[in-house]
$ cat work-v3.txt   # compact mmCIF, C-alpha atoms
# COMPACT_ATOMS: atom_id res chain seq x y z
CA MET A 1 -26.39 46.94 14.30
CA ARG A 2 -29.25 49.35 14.96
CA LYS A 3 -29.02 48.70 18.70
CA VAL A 4 -25.48 50.05 18.86
CA GLY A 5 -26.11 52.94 16.49
CA TRP A 6 -24.21 51.67 13.43
CA PRO A 7 -25.53 51.50 9.84
CA VAL A 8 -27.09 48.23 8.69
CA CYS A 9 -25.09 45.82 6.40
CA LEU A 10 -21.60 46.84 7.47
CA ILE A 11 -20.59 43.19 7.84
CA ARG A 12 -21.19 41.04 4.74
CA TYR A 13 -19.75 37.98 3.01
CA SER A 14 -19.03 39.77 -0.23
CA THR A 15 -16.46 41.83 -2.07
CA GLN A 16 -16.25 45.60 -2.31
CA ASN A 17 -17.10 45.41 -6.05
CA ARG A 18 -20.30 43.47 -5.35
CA ILE A 19 -21.34 45.91 -2.66
CA GLU A 20 -20.83 48.85 -5.03
CA GLN A 21 -22.72 46.99 -7.80
CA ALA A 22 -19.69 47.04 -10.13
CA GLU A 23 -19.51 44.49 -12.93
CA ARG A 24 -17.05 41.64 -12.60
CA ARG A 25 -14.28 41.63 -15.18
CA GLY A 26 -12.17 38.71 -16.41
CA PHE A 27 -12.41 34.96 -16.38
CA ARG A 28 -11.86 33.07 -13.12
CA TYR A 29 -9.54 30.13 -13.75
CA ARG A 30 -10.38 28.68 -10.36
CA LEU A 31 -13.82 27.74 -11.67
CA VAL A 32 -12.17 25.36 -14.14
CA ILE A 33 -9.03 24.26 -12.30
CA TYR A 34 -10.61 23.17 -9.01
CA PRO A 35 -13.24 20.86 -10.54
CA LEU A 36 -10.60 19.35 -12.85
CA LEU A 37 -8.29 18.73 -9.91
CA LEU A 38 -11.13 17.12 -7.98
CA ALA A 39 -12.00 14.91 -10.98
CA VAL A 40 -8.38 13.74 -11.30
CA LEU A 41 -8.20 12.87 -7.60
CA VAL A 42 -11.48 10.93 -7.69
CA ALA A 43 -10.42 9.07 -10.86
CA SER A 44 -7.08 8.09 -9.30
CA LEU A 45 -8.88 6.80 -6.20
CA VAL A 46 -11.20 4.69 -8.36
CA VAL A 47 -8.24 3.25 -10.32
CA LEU A 48 -6.34 2.39 -7.11
CA LEU A 49 -9.37 0.64 -5.64
CA ALA A 50 -9.99 -1.30 -8.86
CA ARG A 51 -6.37 -2.52 -9.04
CA ARG A 52 -6.14 -3.53 -5.38
CA GLU A 53 -4.94 -7.08 -4.76
CA PRO A 54 -7.68 -9.25 -3.20
CA VAL A 55 -5.10 -11.34 -1.32
CA LEU A 56 -1.73 -9.96 -0.21
CA VAL A 57 1.18 -12.35 0.50
CA GLU A 58 4.37 -11.10 2.23
CA GLN A 59 7.32 -13.00 3.63
CA VAL A 60 8.05 -12.53 7.34
CA ARG A 61 11.22 -13.29 9.27
CA VAL A 62 11.58 -16.80 10.67
CA LEU A 63 13.32 -17.29 14.00
CA GLY A 64 15.52 -20.31 14.52
CA ALA A 65 17.61 -22.34 12.07
CA ASN A 66 17.95 -20.68 8.68
CA PHE A 67 18.40 -23.82 6.60
CA ALA A 68 19.24 -27.50 6.68
CA VAL A 69 20.99 -29.80 4.22
CA ALA A 70 18.80 -32.73 3.12
CA ALA A 71 20.13 -36.26 2.53
CA ASP A 72 20.13 -35.69 -1.25
CA GLY A 73 22.19 -32.47 -0.90
CA ALA A 74 19.32 -30.02 -1.46
CA ILE A 75 18.88 -27.06 0.87
CA GLU A 76 15.69 -26.96 2.93
CA THR A 77 14.70 -23.53 4.25
CA PRO A 78 11.74 -22.77 6.54
CA ILE A 79 9.60 -19.93 5.19
CA GLU A 80 6.75 -18.06 6.83
CA VAL A 81 4.39 -15.79 4.92
CA LEU A 82 1.65 -13.46 6.08
CA VAL A 83 -1.52 -13.89 4.01
CA GLU A 84 -3.94 -10.96 4.18
CA ASN A 85 -7.46 -11.43 2.80
CA ARG A 86 -8.80 -8.06 1.60
CA THR A 87 -12.16 -9.39 0.47
CA ASP A 88 -15.48 -10.00 2.21
CA VAL A 89 -15.36 -13.76 1.56
CA GLU A 90 -13.25 -16.45 3.26
CA ARG A 91 -10.44 -17.62 0.94
CA THR A 92 -8.22 -20.68 0.80
CA VAL A 93 -4.71 -19.73 -0.30
CA ARG A 94 -2.48 -22.46 -1.75
CA VAL A 95 1.29 -22.14 -2.24
CA THR A 96 3.21 -24.41 -4.64
CA GLY A 97 6.76 -24.40 -5.95
CA ALA A 98 7.89 -22.52 -9.05
CA GLY A 99 11.02 -23.01 -11.11
CA ASP A 100 13.72 -24.89 -9.20
CA VAL A 101 12.07 -24.12 -5.83
CA GLU A 102 9.86 -26.88 -4.43
CA VAL A 103 7.49 -26.71 -1.48
CA ALA A 104 7.97 -29.70 0.83
CA GLY A 105 4.90 -31.91 0.63
CA GLY A 106 3.96 -30.52 -2.80
CA HIS A 107 1.96 -27.56 -1.50
CA ALA A 108 0.94 -25.62 1.59
CA GLN A 109 -2.42 -24.00 2.17
CA VAL A 110 -4.27 -21.92 4.71
CA ARG A 111 -7.87 -20.71 5.12
CA VAL A 112 -8.05 -16.97 5.69
CA PRO A 113 -11.26 -15.46 7.09
CA ALA A 114 -12.80 -12.43 5.38
CA SER A 115 -10.95 -9.16 6.06
CA ASP A 116 -8.39 -10.94 8.24
CA ALA A 117 -4.82 -12.25 8.06
CA SER A 118 -3.16 -15.60 8.78
CA THR A 119 0.39 -16.89 8.73
CA LEU A 120 1.46 -19.89 6.69
CA ALA A 121 4.65 -21.78 7.51
CA PHE A 122 6.20 -24.22 5.06
CA THR A 123 9.59 -25.50 3.92
CA VAL A 124 11.10 -24.92 0.50
CA ARG A 125 13.77 -27.04 -1.19
CA ALA A 126 16.30 -25.70 -3.66
CA PRO A 127 19.50 -27.09 -5.22
CA ALA A 128 22.63 -26.29 -3.18
CA ALA A 129 24.50 -25.12 -6.28
CA THR A 130 22.17 -22.16 -6.73
CA PHE A 131 23.18 -20.45 -3.47
CA GLY A 132 25.85 -17.81 -3.09
CA ARG A 133 26.57 -15.34 -0.30
CA GLY A 134 24.10 -16.98 2.08
CA SER A 135 20.83 -16.49 0.25
CA ARG A 136 19.12 -16.41 -3.07
CA SER A 137 15.92 -15.19 -4.60
CA GLY A 138 13.24 -17.68 -5.54
CA SER A 139 9.56 -17.69 -6.24
CA VAL A 140 6.53 -19.74 -5.34
CA ALA A 141 3.14 -19.78 -7.05
CA VAL A 142 0.25 -18.45 -4.97
CA ASP A 143 -3.29 -19.48 -5.88
CA ASP A 144 -5.92 -17.47 -4.01
CA GLY A 145 -8.97 -18.81 -5.85
CA VAL A 146 -9.71 -15.38 -7.33
CA ARG A 147 -7.08 -14.99 -10.03
CA PRO A 148 -4.80 -17.43 -11.82
CA PRO A 149 -1.77 -18.50 -9.74
CA ARG A 150 0.81 -15.71 -9.59
CA PRO A 151 4.48 -15.80 -8.62
CA VAL A 152 5.59 -14.31 -5.30
CA GLU A 153 9.29 -13.58 -4.79
CA LEU A 154 10.92 -14.95 -1.61
CA THR A 155 14.37 -14.64 -0.08
CA ILE A 156 15.65 -18.16 0.62
CA ALA A 157 18.46 -18.62 3.15
CA GLY A 158 21.24 -21.08 2.39
CA PRO A 159 25.00 -21.69 2.55
CA PHE A 160 27.53 -18.95 1.79
CA ARG A 161 29.22 -21.02 -0.88
CA ALA A 162 28.55 -24.24 -2.73
CA LEU A 163 28.71 -27.32 -0.54
CA PRO A 164 31.25 -30.05 -1.28
CA GLY A 165 29.85 -32.45 -3.84
CA SER A 166 27.47 -29.93 -5.45
CA SER A 167 27.73 -29.38 -9.18
CA SER A 168 28.63 -25.68 -9.31
CA GLY A 169 31.88 -24.34 -10.64
CA ALA A 170 32.63 -22.39 -7.44
CA LYS A 171 35.48 -23.38 -5.21
CA PRO A 172 34.62 -24.04 -1.53
$ encode --input "work-v3.txt" --output "structure tokens"
Amino acid sequence: MRKVGWPVCLIRYSTQNRIEQAERRGFRYRLVIYPLLLAVLVASLVVLLARREPVLVEQVRVLGANFAVAADGAIETPIEVLVENRTDVERTVRVTGAGDVEVAGGHAQVRVPASDASTLAFTVRAPAATFGRGSRSGSVAVDDGVRPPRPVELTIAGPFRALPGSSSGAKP
């Protein structure tokens, strides 16, 4: 500033009160609110990371025939699920039937590499009398080797109304 003929210290990172040596009055709420807000955000991030599912299972759309009628009258529906391994260890994921939904062959399983995803295709069987309007909800048990088997809800395609010979009260 001396080179251009101006007084020294004209440009500062301060307030006018600080420059004039005046005392600061009042309490600054920002000094309390900002650290509290930061602590809440960090705590929520920690909780979300702690509750994250190690293995994610989601149903994907299957192209082709929606369902077939088995010889015993049950409905067989092809299902495909995407299995995402969110851990650093390879996992074997096993899918079995739950409730009145059975997995053909008893179970289906797939090995999923660490931090990767794989698809698993299998067929489920369900009684024909349980279908209405072309689909129904059903669940299968997924065992990922980390937690106890947990149910995963699936949408199972089937007939729009009960098939002749099924034991539901609906009229065809």
$ residues_around --input "work-v3.txt" --residues "range 80-96 of chain A" --least-positions-apart "6" --cutoff "10 Å" --atoms "all atoms listed in the file" --output "VMD selection string"
chain A and resid 52 to 63 102 to 124 139 to 146 149 to 152 154
$ atom_distance --input "work-v3.txt" --atom1 "CA of Arg18 in chain A" --atom2 "CA of Arg30 in chain A"
18.5 Å
$ atom_distance --input "work-v3.txt" --atom1 "CA of Ala71 in chain A" --atom2 "CA of Ala126 in chain A"
12.8 Å
$ closest_residue --input "work-v3.txt" --among "A:Glu20, A:Trp6, A:Leu38, A:Arg125" --to "Ala68 in chain A" --atoms "only C-alpha atoms"
A:Arg125
$ atom_distance --input "work-v3.txt" --atom1 "CA of Thr130 in chain A" --atom2 "CA of Glu76 in chain A"
12.6 Å
$ closest_residue --input "work-v3.txt" --among "A:Arg28, A:Gly5, A:Ala129, A:Phe67" --to "Gly158 in chain A" --atoms "all atoms listed in the file"
A:Phe67
